[in-house]
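Asker: Input structure: query35.cif, which contains mmCIF, C-alpha atoms (C1' of nucleotides).
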```cif
data_model
#
loop_
_atom_site.label_atom_id
_atom_site.label_comp_id
_atom_site.auth_asym_id
_atom_site.auth_seq_id
_atom_site.Cartn_x
_atom_site.Cartn_y
_atom_site.Cartn_z
CA MET U 1 -53.62 -75.15 -4.48
CA ALA U 2 -56.92 -73.59 -3.57
CA LEU U 3 -55.46 -72.93 -0.17
CA TRP U 4 -52.54 -71.11 -1.74
CA ALA U 5 -54.83 -68.84 -3.70
CA ARG U 6 -56.90 -68.20 -0.62
CA PHE U 7 -53.83 -67.48 1.48
CA MET U 8 -52.64 -64.85 -0.96
CA ARG U 9 -56.04 -63.32 -1.47
CA VAL U 10 -56.91 -63.02 2.19
CA SER U 11 -53.54 -61.67 3.24
CA GLN U 12 -53.65 -59.09 0.49
CA ALA U 13 -57.21 -58.11 1.32
CA VAL U 14 -56.52 -57.75 5.03
CA LEU U 15 -53.43 -55.71 4.37
CA ALA U 16 -55.30 -53.49 1.94
CA ASP U 17 -58.01 -52.89 4.54
CA VAL U 18 -55.53 -51.87 7.18
CA GLU U 19 -53.59 -49.68 4.76
CA SER U 20 -56.68 -47.92 3.57
CA GLU U 21 -57.85 -47.23 7.10
CA LEU U 22 -54.53 -45.65 7.90
CA LYS U 23 -54.61 -43.65 4.72
CA ALA U 24 -58.13 -42.50 5.50
CA ALA U 25 -56.82 -41.26 8.83
CA GLY U 26 -54.28 -39.16 6.97
CA PHE U 27 -51.25 -41.30 7.66
CA PRO U 28 -48.48 -42.33 5.28
CA PRO U 29 -48.13 -45.89 3.97
CA LEU U 30 -47.32 -48.77 6.26
CA ALA U 31 -43.88 -49.16 4.74
CA TRP U 32 -42.99 -45.81 6.23
CA TYR U 33 -44.14 -46.94 9.63
CA ASP U 34 -42.14 -50.14 9.33
CA ALA U 35 -39.02 -48.25 8.36
CA LEU U 36 -39.36 -45.76 11.18
CA LEU U 37 -40.00 -48.57 13.59
CA GLU U 38 -36.79 -50.31 12.59
CA LEU U 39 -34.96 -47.04 13.01
CA ARG U 40 -36.34 -46.63 16.49
CA ARG U 41 -35.30 -50.16 17.38
CA ALA U 42 -31.81 -49.33 16.23
CA ALA U 43 -31.68 -46.00 18.02
CA PRO U 44 -29.56 -44.22 18.92
CA ASP U 45 -27.13 -45.74 16.44
CA GLY U 46 -29.10 -45.43 13.26
CA LEU U 47 -29.03 -47.96 10.47
CA ARG U 48 -27.05 -48.36 7.31
CA GLN U 49 -29.31 -48.51 4.33
CA PHE U 50 -28.44 -52.07 3.56
CA GLU U 51 -29.32 -53.08 7.10
CA LEU U 52 -32.71 -51.49 6.79
CA ARG U 53 -33.11 -53.19 3.44
CA GLU U 54 -32.49 -56.61 4.95
CA ARG U 55 -34.93 -56.02 7.74
CA MET U 56 -37.66 -54.84 5.40
CA LEU U 57 -37.19 -57.21 2.49
CA LEU U 58 -37.16 -54.37 0.02
CA ALA U 59 -35.25 -54.03 -3.20
CA GLN U 60 -32.21 -51.80 -3.00
CA TYR U 61 -33.45 -49.05 -5.29
CA ASN U 62 -36.74 -49.13 -3.48
CA LEU U 63 -35.12 -48.46 -0.16
CA SER U 64 -32.88 -45.80 -1.57
CA ARG U 65 -35.94 -43.85 -2.59
CA LEU U 66 -37.85 -44.58 0.57
CA SER U 67 -35.06 -43.08 2.61
CA ASP U 68 -35.04 -40.14 0.22
CA ARG U 69 -38.66 -39.48 0.96
CA LEU U 70 -38.41 -39.99 4.68
CA ALA U 71 -35.55 -37.54 4.78
CA ALA U 72 -37.31 -35.13 2.44
CA VAL U 73 -40.25 -34.74 4.81
CA GLY U 74 -38.06 -34.66 7.88
CA LEU U 75 -39.00 -38.01 9.39
CA ALA U 76 -35.41 -39.23 9.21
CA ARG U 77 -31.94 -37.85 8.80
CA ARG U 78 -29.27 -39.23 6.53
CA GLU U 79 -25.61 -38.81 7.23
CA PRO U 80 -22.59 -40.12 5.43
CA CYS U 81 -21.10 -43.08 7.24
CA PRO U 82 -17.75 -42.29 8.83
CA GLU U 83 -16.42 -45.85 8.55
CA ASP U 84 -17.52 -46.41 4.98
CA GLY U 85 -17.46 -43.58 2.50
CA ARG U 86 -20.03 -45.30 0.29
CA GLY U 87 -22.60 -45.62 3.00
CA GLN U 88 -25.38 -43.60 4.45
CA VAL U 89 -26.54 -43.93 8.02
CA ILE U 90 -30.18 -43.21 8.67
CA PHE U 91 -31.45 -41.87 11.94
CA LEU U 92 -34.94 -41.43 13.22
CA SER U 93 -35.76 -37.75 13.74
CA GLU U 94 -37.93 -36.33 16.46
CA LYS U 95 -40.62 -35.81 13.90
CA GLY U 96 -40.33 -39.45 12.91
CA ARG U 97 -40.62 -40.55 16.50
CA ALA U 98 -43.69 -38.38 16.87
CA LEU U 99 -45.24 -39.92 13.79
CA LEU U 100 -44.68 -43.40 15.17
CA ASP U 101 -46.42 -42.41 18.36
CA ALA U 102 -49.26 -40.76 16.46
CA MET U 103 -49.81 -43.72 14.16
CA TRP U 104 -49.57 -46.42 16.77
CA PRO U 105 -53.10 -46.19 18.23
CA ALA U 106 -54.71 -46.16 14.80
CA TYR U 107 -52.48 -48.94 13.56
CA ARG U 108 -53.04 -51.03 16.62
CA SER U 109 -56.80 -50.72 16.50
CA SER U 110 -56.92 -51.39 12.80
CA VAL U 111 -54.86 -54.54 13.15
CA ALA U 112 -56.97 -55.60 16.08
CA LYS U 113 -60.14 -55.15 14.09
CA HIS U 114 -59.00 -56.88 10.93
CA PHE U 115 -56.66 -59.46 12.36
CA ALA U 116 -56.13 -59.98 16.05
CA GLU U 117 -59.75 -60.02 17.14
CA ARG U 118 -60.53 -62.71 14.64
CA LEU U 119 -58.05 -65.16 16.10
CA ASP U 120 -58.11 -66.94 19.42
CA ALA U 121 -55.01 -68.14 21.23
CA ALA U 122 -54.98 -71.52 19.55
CA ASP U 123 -55.28 -69.91 16.12
CA ALA U 124 -52.42 -67.60 16.92
CA GLU U 125 -50.20 -70.44 17.97
CA ALA U 126 -51.05 -72.48 14.92
CA LEU U 127 -50.49 -69.55 12.61
CA ALA U 128 -47.14 -68.77 14.17
CA ARG U 129 -46.00 -72.32 13.61
CA ILE U 130 -47.22 -72.30 10.02
CA LEU U 131 -45.47 -69.03 9.28
CA ASP U 132 -42.23 -70.39 10.66
CA GLN U 133 -42.46 -73.25 8.23
CA LEU U 134 -43.28 -71.00 5.31
CA ASP U 135 -40.72 -68.32 5.99
CA PRO U 136 -38.26 -68.34 3.11
CA THR U 137 -35.76 -66.21 4.99
CA GLY U 138 -35.49 -68.80 7.69
CA SER U 139 -35.47 -66.07 10.31
CA GLY U 140 -38.17 -67.80 12.25
CA GLY U 141 -39.84 -66.16 15.16
CA SER U 142 -39.45 -69.13 17.46
CA GLU U 143 -35.78 -70.04 17.42
CA MET J 1 -48.91 -57.69 16.95
CA ALA J 2 -45.65 -59.45 16.22
CA LEU J 3 -47.74 -62.18 14.63
CA TRP J 4 -49.39 -59.63 12.39
CA ALA J 5 -46.07 -58.31 11.17
CA ARG J 6 -44.83 -61.81 10.61
CA PHE J 7 -47.98 -62.81 8.74
CA MET J 8 -47.57 -59.91 6.34
CA ARG J 9 -43.87 -60.36 5.89
CA VAL J 10 -43.99 -64.07 5.23
CA SER J 11 -46.92 -63.92 2.86
CA GLN J 12 -45.26 -61.13 0.89
CA ALA J 13 -41.96 -62.94 0.79
CA VAL J 14 -43.47 -66.21 -0.36
CA LEU J 15 -45.49 -64.48 -3.02
CA ALA J 16 -42.44 -62.59 -4.20
CA ASP J 17 -40.49 -65.81 -4.47
CA VAL J 18 -43.14 -67.48 -6.56
CA GLU J 19 -43.56 -64.41 -8.75
CA SER J 20 -39.87 -64.10 -9.37
CA GLU J 21 -39.55 -67.75 -10.30
CA LEU J 22 -42.29 -67.36 -12.84
CA LYS J 23 -40.73 -64.20 -14.19
CA ALA J 24 -37.37 -65.93 -14.44
CA ALA J 25 -39.08 -68.58 -16.54
CA GLY J 26 -40.25 -65.86 -18.91
CA PHE J 27 -43.86 -65.77 -17.83
CA PRO J 28 -46.07 -62.75 -17.22
CA PRO J 29 -47.15 -61.68 -13.72
CA LEU J 30 -49.39 -63.84 -11.60
CA ALA J 31 -52.24 -61.38 -11.92
CA TRP J 32 -52.40 -62.24 -15.58
CA TYR J 33 -52.62 -65.91 -14.76
CA ASP J 34 -55.36 -65.27 -12.24
CA ALA J 35 -57.36 -63.25 -14.70
CA LEU J 36 -57.03 -65.82 -17.46
CA LEU J 37 -57.95 -68.56 -15.01
CA GLU J 38 -61.15 -66.77 -14.08
CA LEU J 39 -61.92 -66.34 -17.74
CA ARG J 40 -61.46 -70.04 -18.34
CA ARG J 41 -63.73 -70.87 -15.44
CA ALA J 42 -66.36 -68.64 -16.95
CA ALA J 43 -65.92 -70.02 -20.47
CA PRO J 44 -67.58 -70.10 -22.89
CA ASP J 45 -69.61 -67.13 -21.67
CA GLY J 46 -66.85 -64.69 -20.89
CA LEU J 47 -66.98 -62.23 -18.04
CA ARG J 48 -68.06 -58.66 -17.66
CA GLN J 49 -65.25 -56.51 -16.42
CA PHE J 50 -66.95 -55.81 -13.14
CA GLU J 51 -67.39 -59.53 -12.55
CA LEU J 52 -63.71 -60.13 -13.07
CA ARG J 53 -62.98 -57.22 -10.80
CA GLU J 54 -65.02 -58.74 -7.98
CA ARG J 55 -63.33 -62.09 -8.35
CA MET J 56 -59.86 -60.61 -8.35
CA LEU J 57 -60.24 -57.89 -5.72
CA LEU J 58 -58.74 -55.29 -8.00
CA ALA J 59 -59.52 -51.63 -8.30
CA GLN J 60 -61.66 -50.73 -11.26
CA TYR J 61 -59.09 -48.69 -13.15
CA ASN J 62 -56.59 -51.40 -12.52
CA LEU J 63 -58.75 -54.01 -14.16
CA SER J 64 -59.61 -51.76 -17.03
CA ARG J 65 -55.94 -51.57 -17.87
CA LEU J 66 -55.24 -55.21 -17.20
CA SER J 67 -57.86 -56.18 -19.72
CA ASP J 68 -56.36 -53.66 -22.11
CA ARG J 69 -53.03 -55.39 -21.86
CA LEU J 70 -54.39 -58.89 -22.09
CA ALA J 71 -56.28 -57.92 -25.21
CA ALA J 72 -53.30 -56.05 -26.62
CA VAL J 73 -51.13 -59.15 -26.58
CA GLY J 74 -53.91 -61.40 -27.78
CA LEU J 75 -54.48 -63.38 -24.60
CA ALA J 76 -58.09 -62.24 -24.38
CA ARG J 77 -60.77 -60.69 -26.57
CA ARG J 78 -63.03 -57.83 -25.58
CA GLU J 79 -66.43 -57.37 -27.11
CA PRO J 80 -69.16 -54.87 -26.36
CA CYS J 81 -71.89 -56.40 -24.25
CA PRO J 82 -75.15 -56.80 -26.18
CA GLU J 83 -77.39 -56.45 -23.10
CA ASP J 84 -75.59 -53.46 -21.65
CA GLY J 85 -74.16 -50.82 -23.91
CA ARG J 86 -71.74 -49.66 -21.24
CA GLY J 87 -70.20 -53.04 -20.74
CA GLN J 88 -67.40 -55.06 -22.15
CA VAL J 89 -67.38 -58.83 -22.14
CA ILE J 90 -63.98 -60.47 -21.95
CA PHE J 91 -63.26 -63.87 -23.42
CA LEU J 92 -60.27 -66.08 -23.12
CA SER J 93 -58.50 -66.51 -26.46
CA GLU J 94 -56.81 -69.64 -27.69
CA LYS J 95 -53.51 -67.98 -27.00
CA GLY J 96 -54.63 -67.26 -23.47
CA ARG J 97 -55.66 -70.83 -22.95
CA ALA J 98 -52.29 -71.95 -24.24
CA LEU J 99 -50.53 -69.62 -21.82
CA LEU J 100 -52.50 -71.04 -18.91
CA ASP J 101 -51.45 -74.53 -19.94
CA ALA J 102 -47.85 -73.47 -20.35
CA MET J 103 -47.67 -71.69 -17.01
CA TRP J 104 -49.42 -74.31 -14.97
CA PRO J 105 -46.53 -76.75 -14.46
CA ALA J 106 -44.14 -73.99 -13.46
CA TYR J 107 -46.70 -72.34 -11.24
CA ARG J 108 -47.67 -75.60 -9.61
CA SER J 109 -44.14 -76.62 -8.86
CA SER J 110 -43.23 -73.19 -7.56
CA VAL J 111 -46.18 -73.13 -5.20
CA ALA J 112 -45.36 -76.67 -4.12
CA LYS J 113 -41.82 -75.71 -3.34
CA HIS J 114 -42.54 -72.50 -1.48
CA PHE J 115 -45.85 -73.33 0.09
CA ALA J 116 -47.51 -76.71 -0.18
CA GLU J 117 -44.53 -78.86 0.67
CA ARG J 118 -43.97 -76.95 3.85
CA LEU J 119 -47.39 -77.76 5.24
CA ASP J 120 -48.80 -81.05 6.38
CA ALA J 121 -52.48 -81.92 6.36
CA ALA J 122 -53.10 -80.57 9.85
CA ASP J 123 -51.40 -77.29 8.97
CA ALA J 124 -53.49 -76.97 5.87
CA GLU J 125 -56.68 -77.52 7.76
CA ALA J 126 -55.70 -75.06 10.46
CA LEU J 127 -54.68 -72.45 7.92
CA ALA J 128 -57.91 -72.85 6.00
CA ARG J 129 -59.90 -72.24 9.15
CA ILE J 130 -57.82 -69.22 10.07
CA LEU J 131 -58.18 -67.70 6.62
CA ASP J 132 -61.93 -68.12 6.80
CA GLN J 133 -61.94 -66.12 9.97
CA LEU J 134 -59.72 -63.43 8.57
CA ASP J 135 -61.39 -63.06 5.22
CA PRO J 136 -62.86 -59.57 5.05
CA THR J 137 -64.99 -60.41 2.03
CA GLY J 138 -66.78 -63.10 3.96
CA SER J 139 -66.67 -65.37 0.92
CA GLY J 140 -65.31 -68.18 2.99
CA GLY J 141 -64.06 -71.34 1.41
CA SER J 142 -65.97 -73.63 3.72
CA GLU J 143 -69.54 -72.43 3.69
"C1'" DC W 1 -90.75 -38.45 -22.54
"C1'" DT W 2 -87.46 -35.77 -19.39
"C1'" DC W 3 -84.54 -35.22 -15.69
"C1'" DC W 4 -81.77 -37.17 -12.20
"C1'" DT W 5 -79.13 -40.82 -10.13
"C1'" DT W 6 -76.42 -44.89 -10.50
"C1'" DT W 7 -73.54 -48.09 -12.79
"C1'" DT W 8 -69.79 -49.36 -16.01
"C1'" DC W 9 -65.80 -48.44 -18.03
"C1'" DA W 10 -61.93 -45.35 -19.77
"C1'" DT W 11 -58.18 -42.03 -19.20
"C1'" DG W 12 -55.00 -37.85 -18.00
"C1'" DC W 13 -51.77 -36.98 -14.65
"C1'" DG W 14 -48.64 -37.28 -10.95
"C1'" DA W 15 -46.41 -40.61 -7.93
"C1'" DT W 16 -44.28 -45.06 -7.48
"C1'" DT W 17 -42.00 -49.27 -9.06
"C1'" DG W 18 -38.71 -52.24 -11.61
"C1'" DC W 19 -34.82 -52.61 -14.33
"C1'" DA W 20 -30.57 -51.49 -15.91
"C1'" DT W 21 -26.84 -48.85 -15.24
"C1'" DG W 22 -23.71 -45.41 -13.22
"C1'" DT W 23 -20.76 -43.59 -9.47
"C1'" DA W 24 -18.06 -43.80 -5.59
"C1'" DC W 25 -15.79 -46.26 -2.29
"C1'" DT W 26 -13.73 -50.58 -0.22
"C1'" DT W 27 -11.35 -54.85 -0.44
"C1'" DT W 28 -8.32 -58.11 -2.35
"C1'" DA W 29 -4.25 -59.44 -4.27
"C1'" DA W 30 -0.20 -59.17 -6.72
"C1'" DT H 1 1.11 -49.08 -4.91
"C1'" DT H 2 -1.83 -50.32 -8.31
"C1'" DA H 3 -5.19 -52.78 -10.84
"C1'" DA H 4 -9.23 -55.73 -10.58
"C1'" DA H 5 -13.27 -57.16 -8.29
"C1'" DG H 6 -16.87 -56.41 -5.08
"C1'" DT H 7 -20.12 -53.54 -2.30
"C1'" DA H 8 -23.25 -49.52 -1.25
"C1'" DC H 9 -26.04 -46.45 -2.99
"C1'" DA H 10 -28.22 -43.32 -6.65
"C1'" DT H 11 -30.78 -42.45 -10.84
"C1'" DG H 12 -32.76 -42.24 -15.89
"C1'" DC H 13 -36.35 -44.32 -18.07
"C1'" DA H 14 -40.23 -46.97 -19.12
"C1'" DA H 15 -44.07 -49.32 -17.14
"C1'" DT H 16 -47.50 -49.37 -13.69
"C1'" DC H 17 -50.43 -47.61 -9.94
"C1'" DG H 18 -53.71 -44.48 -7.55
"C1'" DC H 19 -56.63 -40.80 -7.80
"C1'" DA H 20 -59.79 -37.93 -9.72
"C1'" DT H 21 -62.56 -37.24 -13.37
"C1'" DG H 22 -65.08 -37.96 -17.69
"C1'" DA H 23 -68.20 -40.29 -20.95
"C1'" DA H 24 -71.72 -43.31 -22.04
"C1'" DA H 25 -75.50 -46.05 -20.94
"C1'" DA H 26 -79.04 -47.97 -17.67
"C1'" DG H 27 -82.61 -47.39 -14.18
"C1'" DG H 28 -86.26 -44.61 -11.89
"C1'" DA H 29 -89.37 -40.82 -10.57
"C1'" DG H 30 -92.53 -37.68 -12.04
#
```
Just give me the structure as structure tokens.
Answerer:
Amino acid sequence: MALWARFMRVSQAVLADVESELKAAGFPPLAWYDALLELRRAAPDGLRQFELRERMLLAQYNLSRLSDRLAAVGLARREPCPEDGRGQVIFLSEKGRALLDAMWPAYRSSVAKHFAERLDAADAEALARILDQLDPTGSGGSE
Amino acid sequence: MALWARFMRVSQAVLADVESELKAAGFPPLAWYDALLELRRAAPDGLRQFELRERMLLAQYNLSRLSDRLAAVGLARREPCPEDGRGQVIFLSEKGRALLDAMWPAYRSSVAKHFAERLDAADAEALARILDQLDPTGSGGSE
DNA sequence: CTCCTTTTCATGCGATTGCATGTACTTTAA
DNA sequence: TTAAAGTACATGCAATCGCATGAAAAGGAG
């Protein structure tokens, strides 16, 4: 039980450190980066909102507004889905791609500092295995 | 880097699962439990707000309002600190103690289900070591 | 004592989140 | 075709968060 509390506390603290470094560098929240990254992976097809939602583990209303904001500042485009009149398809814009590129070095170095550098290869392997076992979505990384 | 993303995603997902189980059982958020738990550990002396803040890794304004809410529903008492006119001392109330007791079985079983049961002894040891290395506060569990 | 800095806590305000619900479209089935 | 059920997304509203700031007290320097 102490390990549980520690797990939550450390993961939150590390995430907060990385987030605040990015914010200090003038970048938007990590969730934006994650969303844009998924859009780039799906390029050039774009993603339906519900697909993005599944990949990001976000609540539906949450994603609806996230895509609002991304579109509002020009990082993504939203178009009605031709096959499904209910749906929106979200595409990464050039500006979004540029933001990904701009954030990557800062993100990478921040994660290195707060996470990667603190783990050796054996730690990484052990952690990967543990995360597979914990993952409630079952979408393990090593299948 | 993939491990980083996975670490964040899994820890968030597991926490969300536990939180939502507790909420479904009609209990308040985990942060409330954590705060009350710290207050019980500090009993019968109570805690200054800044002490609770350090233990919980919360922003100052956040804790100020959390203690507001705990006091508002009678789970804690706030009294002016006699040694420091700026300070508040927070005490666990009987109602707060009762809530801790009531939440504990549900919390315990939820953490068991989503976390503890999925790890064997070797995993636990490995994870503990890894968390020590990651902990940005340096307040390691094994020092 | 007086002035200045630091610490502790509170709070107004805008942005974000969570919840419940609404709207529009698709699918199913008779 | 038509009605019922399900799916995809949006949104009003209240609660909460983050930020900046304010107020009150403590600690120090002269």
Asker: As a check of understanding, name the residues that the PyMOL selection byres ((chain J) within 6 of (chain U)) selects in the supplied structure, as a list in words.
Answerer: Val10, Arg118, Gln133 and Asp135 of chain J
Asker: Can I get the residues of chain U within 10 Å of chain H, each with the closest pair of atoms and their distance in Å to one decimal, using only C-alpha atoms (C1' of nucleotides), sorted chain first then ascending number, as a tab-separated table?
Answerer:
```
residue	atom	partner	partner_atom	distance
U:Arg48	CA	H:DA8	C1'	9.4
U:Gln49	CA	H:DC9	C1'	8.3
U:Phe50	CA	H:DA8	C1'	7.5
U:Gln60	CA	H:DC9	C1'	8.2
U:Tyr61	CA	H:DA10	C1'	7.9
U:Leu63	CA	H:DC9	C1'	9.7
U:Ser64	CA	H:DC9	C1'	7.0
U:Arg65	CA	H:DA10	C1'	8.7
U:Asp84	CA	H:DA8	C1'	9.0
U:Gly85	CA	H:DA8	C1'	9.1
U:Arg86	CA	H:DA8	C1'	5.5
U:Gly87	CA	H:DA8	C1'	5.8
U:Gln88	CA	H:DC9	C1'	8.0
```
Asker: Select all residues from chain W having any atom no more than 9 Å from an atom of chain J (counting only C-alpha atoms (C1' of nucleotides), ignoring ligands), output as a ChimeraX atom specification.
Answerer: /W:7-10
Asker: How far is it from atom CA of J:Tyr33 to atom CA of U:Glu19, in Å with one decimal?
Answerer: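 Atom-to-atom, atom CA of J:Tyr33 and atom CA of U:Glu19 are spaced 25.4 Å apart.
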Asker: Any idea what the distance is between atom CA of J:Leu30 and atom CA of J:Tyr107?
Answerer: 8.9 Å
Asker: Pairing the C-alpha atoms in order across the whole chain, superpose chain U onto chain J by least squares and write the result as a short mmCIF file (atom, residue, chain, number, x, y, z; two decimals) with C-alpha atoms, in the frame of the given file.
Answerer:
```
data_model
loop_
_atom_site.label_atom_id
_atom_site.label_comp_id
_atom_site.auth_asym_id
_atom_site.auth_seq_id
_atom_site.Cartn_x
_atom_site.Cartn_y
_atom_site.Cartn_z
CA MET U 1 -48.96 -57.66 16.92
CA ALA U 2 -45.71 -59.41 16.19
CA LEU U 3 -47.75 -62.14 14.60
CA TRP U 4 -49.43 -59.61 12.34
CA ALA U 5 -46.11 -58.27 11.14
CA ARG U 6 -44.85 -61.77 10.59
CA PHE U 7 -47.99 -62.77 8.72
CA MET U 8 -47.61 -59.89 6.31
CA ARG U 9 -43.90 -60.32 5.87
CA VAL U 10 -43.99 -64.03 5.22
CA SER U 11 -46.93 -63.89 2.84
CA GLN U 12 -45.29 -61.11 0.89
CA ALA U 13 -41.96 -62.91 0.79
CA VAL U 14 -43.47 -66.19 -0.36
CA LEU U 15 -45.48 -64.46 -3.02
CA ALA U 16 -42.44 -62.55 -4.21
CA ASP U 17 -40.48 -65.80 -4.47
CA VAL U 18 -43.13 -67.46 -6.56
CA GLU U 19 -43.57 -64.40 -8.76
CA SER U 20 -39.89 -64.08 -9.38
CA GLU U 21 -39.55 -67.73 -10.31
CA LEU U 22 -42.31 -67.35 -12.84
CA LYS U 23 -40.76 -64.20 -14.19
CA ALA U 24 -37.40 -65.92 -14.45
CA ALA U 25 -39.11 -68.58 -16.53
CA GLY U 26 -40.28 -65.88 -18.91
CA PHE U 27 -43.89 -65.78 -17.82
CA PRO U 28 -46.10 -62.76 -17.20
CA PRO U 29 -47.17 -61.69 -13.71
CA LEU U 30 -49.41 -63.84 -11.58
CA ALA U 31 -52.27 -61.38 -11.90
CA TRP U 32 -52.44 -62.26 -15.56
CA TYR U 33 -52.65 -65.93 -14.74
CA ASP U 34 -55.39 -65.29 -12.21
CA ALA U 35 -57.39 -63.26 -14.69
CA LEU U 36 -57.06 -65.85 -17.42
CA LEU U 37 -57.99 -68.55 -14.99
CA GLU U 38 -61.19 -66.76 -14.05
CA LEU U 39 -61.96 -66.34 -17.72
CA ARG U 40 -61.50 -70.03 -18.31
CA ARG U 41 -63.78 -70.84 -15.40
CA ALA U 42 -66.40 -68.62 -16.94
CA ALA U 43 -65.97 -70.02 -20.43
CA PRO U 44 -67.59 -70.08 -22.85
CA ASP U 45 -69.62 -67.11 -21.66
CA GLY U 46 -66.88 -64.67 -20.88
CA LEU U 47 -66.98 -62.20 -18.04
CA ARG U 48 -68.06 -58.63 -17.67
CA GLN U 49 -65.25 -56.50 -16.42
CA PHE U 50 -66.94 -55.78 -13.15
CA GLU U 51 -67.40 -59.49 -12.55
CA LEU U 52 -63.73 -60.11 -13.08
CA ARG U 53 -63.00 -57.18 -10.80
CA GLU U 54 -65.02 -58.70 -7.98
CA ARG U 55 -63.36 -62.04 -8.34
CA MET U 56 -59.88 -60.56 -8.32
CA LEU U 57 -60.26 -57.84 -5.72
CA LEU U 58 -58.75 -55.27 -8.01
CA ALA U 59 -59.53 -51.60 -8.31
CA GLN U 60 -61.66 -50.69 -11.29
CA TYR U 61 -59.07 -48.67 -13.17
CA ASN U 62 -56.58 -51.40 -12.50
CA LEU U 63 -58.73 -54.00 -14.13
CA SER U 64 -59.58 -51.77 -17.03
CA ARG U 65 -55.91 -51.58 -17.87
CA LEU U 66 -55.24 -55.22 -17.19
CA SER U 67 -57.86 -56.19 -19.71
CA ASP U 68 -56.33 -53.68 -22.10
CA ARG U 69 -53.02 -55.44 -21.86
CA LEU U 70 -54.40 -58.93 -22.07
CA ALA U 71 -56.28 -57.96 -25.19
CA ALA U 72 -53.30 -56.08 -26.60
CA VAL U 73 -51.13 -59.20 -26.56
CA GLY U 74 -53.93 -61.44 -27.75
CA LEU U 75 -54.51 -63.42 -24.57
CA ALA U 76 -58.12 -62.25 -24.36
CA ARG U 77 -60.74 -60.70 -26.55
CA ARG U 78 -63.00 -57.84 -25.59
CA GLU U 79 -66.40 -57.35 -27.10
CA PRO U 80 -69.08 -54.83 -26.38
CA CYS U 81 -71.84 -56.33 -24.29
CA PRO U 82 -75.08 -56.75 -26.22
CA GLU U 83 -77.32 -56.36 -23.16
CA ASP U 84 -75.53 -53.35 -21.73
CA GLY U 85 -74.05 -50.76 -24.02
CA ARG U 86 -71.65 -49.58 -21.32
CA GLY U 87 -70.12 -52.96 -20.77
CA GLN U 88 -67.35 -55.03 -22.16
CA VAL U 89 -67.35 -58.79 -22.13
CA ILE U 90 -63.98 -60.46 -21.93
CA PHE U 91 -63.28 -63.85 -23.39
CA LEU U 92 -60.30 -66.09 -23.07
CA SER U 93 -58.55 -66.54 -26.42
CA GLU U 94 -56.86 -69.67 -27.63
CA LYS U 95 -53.56 -68.02 -26.96
CA GLY U 96 -54.68 -67.28 -23.43
CA ARG U 97 -55.72 -70.87 -22.90
CA ALA U 98 -52.34 -71.98 -24.19
CA LEU U 99 -50.58 -69.65 -21.79
CA LEU U 100 -52.54 -71.07 -18.87
CA ASP U 101 -51.50 -74.55 -19.87
CA ALA U 102 -47.89 -73.48 -20.34
CA MET U 103 -47.69 -71.70 -17.00
CA TRP U 104 -49.44 -74.32 -14.95
CA PRO U 105 -46.54 -76.76 -14.44
CA ALA U 106 -44.14 -73.99 -13.46
CA TYR U 107 -46.71 -72.36 -11.23
CA ARG U 108 -47.66 -75.60 -9.61
CA SER U 109 -44.10 -76.61 -8.85
CA SER U 110 -43.21 -73.18 -7.57
CA VAL U 111 -46.16 -73.14 -5.21
CA ALA U 112 -45.35 -76.65 -4.11
CA LYS U 113 -41.78 -75.69 -3.34
CA HIS U 114 -42.52 -72.48 -1.49
CA PHE U 115 -45.83 -73.33 0.08
CA ALA U 116 -47.46 -76.71 -0.19
CA GLU U 117 -44.46 -78.85 0.65
CA ARG U 118 -43.92 -76.93 3.83
CA LEU U 119 -47.33 -77.75 5.23
CA ASP U 120 -48.71 -81.06 6.38
CA ALA U 121 -52.40 -81.93 6.37
CA ALA U 122 -53.02 -80.59 9.85
CA ASP U 123 -51.33 -77.30 8.98
CA ALA U 124 -53.44 -77.01 5.87
CA GLU U 125 -56.63 -77.55 7.78
CA ALA U 126 -55.67 -75.08 10.46
CA LEU U 127 -54.65 -72.48 7.91
CA ALA U 128 -57.89 -72.88 6.00
CA ARG U 129 -59.88 -72.28 9.15
CA ILE U 130 -57.80 -69.24 10.06
CA LEU U 131 -58.18 -67.75 6.61
CA ASP U 132 -61.93 -68.18 6.78
CA GLN U 133 -61.96 -66.17 9.96
CA LEU U 134 -59.73 -63.47 8.54
CA ASP U 135 -61.42 -63.12 5.19
CA PRO U 136 -62.90 -59.64 5.02
CA THR U 137 -65.02 -60.49 2.00
CA GLY U 138 -66.79 -63.18 3.93
CA SER U 139 -66.67 -65.44 0.90
CA GLY U 140 -65.26 -68.25 2.96
CA GLY U 141 -64.00 -71.39 1.37
CA SER U 142 -65.89 -73.69 3.70
CA GLU U 143 -69.51 -72.60 3.56
#
```
